[in-house]
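Encoded as C-alpha cells, the structure appears first; notes follow it.
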Amino acid sequence: MNIAVVGSGYVGTTIAACFADLGHRVTAIDIDEGIVERLNRGEASIHEPGLDDLLEAHAGDRLRATTDYGAIRDCEATFLALPTPSREDGSIDASIIEAGARSVGEALAGEEGDHLVVVKSTVVPSTTEGTLIPAIEAGAGEAVGERIRVGMNPEFLREGSAVTDFLEPDKVVLGADDDWGRERLFEVFAPLIERAEPAVVEATVREAEMIKYANNAFLATKISLINELGNICKEFGIDAYRVADAIGLDDRIGEQFLRSGVGWGGSCFPKDVDALRAAAREAGYEPELLDATVAVNDRQPERMLALLAEHADLPGARIAVLGLAFKPGTDDVRNSRAIPAIEGLTERGAEVVAYDPVAHETMREHFPDIEYAASAAAALSGADGALVMTDWDEFAALDDEFEDMATPVVIDGRRVVEHREGLVYEGLTW
Ligand SMILES: NC(=O)c1ccc[n+]([C@@H]2O[C@H](COP(=O)([O-])OP(=O)(O)OC[C@H]3O[C@@H](n4cnc5c(N)ncnc54)[C@H](O)[C@@H]3O)[C@@H](O)[C@H]2O)c1
Ligand SMILES: O=c1ccn([C@@H]2O[C@H](COP(=O)(O)OP(=O)(O)O[C@H]3O[C@H](CO)[C@@H](O)[C@H](O)[C@H]3O)[C@@H](O)[C@H]2O)c(=O)[nH]1
C-alpha cells in the first residue's frame with residue numbers, strides 16, 4: 001500500500017521505517033526541513049536501536065520524506081503521528097494535531113479516490129470525533145464518512161526499543177467506526193499480523209483512544225503502587241525487591257513493571273496520566289486513584305533527599321548525581337526524576353556534580369550551571385554523597401570508585417549499585 005506518515009519524531013520515524021520494512025511504500029511528511037533532508041539521506045533524527053539499518057535499507061526506495069502535504073494524494077492511508085503535549089493545567093493540547101488534520105483535509109480536497117486518515121497520536125477520548133474529524137472536514141470541504149474515513153490506532157512502543165516494540169507487539173489495536181475503515185486498517189497491518197502474530201483488538205475509535213490511556217495509566221499506577229509498598233517495606237526493614245519477586249509470580253499481577261525506586265518519568269506517563277485526569281474531571285469524574293498515582297511519584301525524589309540528609313550535611317556538600325536520562329538507553333531527560341532531585345539539592349545549598357553516559361547536553365538545557373563530570377568516577381571523586389537516578393548498567397560495575405568519595409554515602413533510587421564493605425548504602429525501598 002501507499003502510506004503517508006505525518007510527523008517524523010519518535011513515533012513517526014519508527015513507524016514509517018517499519019511500514020517500509022513490511023513492504024509498504026511510505027511517504028514521511030514533516031514541517032522540519034532538516035528532519036526531511038536527513039531522512040532522505042537515510043539518517044534518523046532520533047536514536048533507536050535498529051532504526052539506522054531500516055533507514056539505510058529503505059530510504060530513497062520504499063521510504064521517502066517531504067515537507068509537502070500534497071504527497072498524501074498518492075496514498076491510500078495517512079497516519080497522524082504529531083505531538084499532543086500537555087497544557088499548563090495538564091489537559092491535552094490538541095492544537096498541533098488539529099492543524100495537521102486540517103492540512104491533510106486540504107491536501108485531499110477535490111480528490112476522487114478514497115482515503116483513510118488514522119490517528120496514531122495519543123489523544124483523549126472523543127478528540128478524534130470532536131476535534132480532528134471537524135478539522136479534516138474544514139480542510140477537505142466535505143463530510144468525513146463517504147470518501148474520507150477516519151481510524152484510530154494507538155501506539156505502545158517504548159523509547160529505546162521502539163523498532164522491536166513496533167515489529168513484535170503484544171497487541172495491535174485497530175479502531176474504526178465502520179467496516180470500510182476497519183478493513184483498510186487490517187490491510188495496512190496484514191504483513192505485521194502475519195509476521196508477528198500479535199493479538200488483534202478491534203475497537204471503536206473512542207475505545208481505541210481510551211485503551212492507550214488505560215494502558216499507560218495502569219502501568220504508571222502499577223509502578224506507584226510498588227513504590228508505595230516499597231516505602232512501607234523500607235519502614236519495616238524489608239527488601240521490596242524480594243517482595244516484588246514473590247508477588248510477580250502471581251500471573252494476575254505479573255513480574256514486569258515492579259521495579260520500585262525513584263519513580264516514573266519520560267515523555268509519556270506524566271503527560272498521559274495528567275491528560276486523563278484532566279479529561280475525567282472535565283467529564284465530571286474525580287480520578288482520585290490517578291491523583292494518588294502522581295502524588296506517590298512526586299514524593300519519591302524527596303524521599304531520596306531526606307535519606308541523603310540523614311547521612312550528609314547538605315548545605316555546601318558536593319553531591320554526585322549519577323544518571324540524568326529518564327531511563328537507560330536514551331538521552332531523553334523529559335520529566336526525568338533527576339530534575340526534581342537536582343532542584344532539591346540546589347535549594348538545600350548543595351553543589352551538584354552530575355554524570356550520565358549520554359544525557360549531558362539535554363540536561364544542560366535545564367541546568368546550565370551545574371558541573372557535568374566526564375565519568376561516574378570523576379563525579380564520585382571528592383563527593384560527600386551520591387544519588388543514583390537512572391539504572392544504567394555501567395553504574396552496576398562501579399567498585400573502587402566509591403573509595404575516592406570524601407564521604408562514601410550512596411542513596412540508590414534504582415537498585416543498581418551493589419552494597420559493599422565501607423560504603424554507607426541506602427536503597428530507597430530496600
Ligand atoms: N515517544 C513515544 O515513545 C510515544 C509512544 C507512543 C505514543 N506516543 C504519542 O505519539 C505522538 C507523537 O509523539 P512523538 O514522541 O513521536 O513526537 P515528537 O515530538 O518526537 O515528533 C513530532 C514530529 O512532528 C513534527 N511536526 C510538528 N507539527 C507538524 C505539522 N503541522 N506537520 C508535520 N509535522 C509536524 C515535528 O517536527 C516532529 O518531528 C504523541 O501523541 C505521543 O503522545 C509517543
Ligand atoms: O518497573 C519499572 C518500570 C519502569 N519504570 C520507570 O517508568 C518510566 C517509563 O519507562 P518505560 O515504560 O520503559 O518508557 P517509555 O518509553 O516512557 O514507554 C511508556 O510510554 C510510551 C508512550 O506512551 C508507551 O508507548 C509505552 O508502552 C510505555 O511503556 C521510566 O522512568 C522508568 O524508569 C520504573 O520506575 N519501574
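Chain lettering (A, B, ...) mirrors the order of the C-alpha cells, residue numbering begins at 1 for each chain separately, and ligand numbering begins at 1 in order of display.
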
Show me, as a Markdown table, the residues of stretch 86-121 of chain A having an atom within 6 Å of stretch 145-169 of chain A, each with the closest atom pair and its distance in Å, using only C-alpha atoms.
| residue | atom | partner | partner_atom | distance |
| --- | --- | --- | --- | --- |
| A:Asp114 | CA | A:Arg147 | CA | 4.6 |
| A:His115 | CA | A:Ile148 | CA | 5.0 |
| A:Leu116 | CA | A:Arg149 | CA | 4.9 |
| A:Val117 | CA | A:Val150 | CA | 4.8 |
| A:Val118 | CA | A:Gly151 | CA | 4.5 |
| A:Val119 | CA | A:Met152 | CA | 4.6 |
| A:Lys120 | CA | A:Asn153 | CA | 5.2 |

List all protein, DNA and RNA residues that have at least one atom no more than 6 Å from any atom of ligand 2, counting only C-alpha atoms and all ligand atoms, and write them as a VMD selection string.
chain A and resid 155 to 159 223 257 to 260 263 to 269 326 to 327

Extract, using only C-alpha atoms, all DNA, RNA and protein residues at most 8 Å from A:Ala275, discarding same-chain residues fewer than 4 positions from it, and format them as a ChimeraX atom specification.
/A:86,90-92,124,271,279

One number please: atom CA of A:Ser375 to atom CA of A:Tyr355, in Å, one decimal.
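These atoms are spaced 6.3 Å apart.
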
Name the residues of stretch 72-318 of chain A that come out as alpha helix (DSSP H) in a backbone DSSP run; write them as a ChimeraX atom specification.
/A:95-108,127,133-140,162-167,179-196,205-235,240-247,269-282,288-311

Neighbours of ligand 1 at 7 Å or closer, counting only C-alpha atoms and all ligand atoms: which residues, as a ChimeraX atom specification?
/A:6-12,29-32,35,81-84,96-97,99-100,120-123,154-159,267-268

Which of A:Val353, A:Ala359, A:Ala338, A:Ala220 sits closest to A:Leu290 [using only C-alpha atoms]:
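The closest residue to A:Leu290 is A:Ala220.
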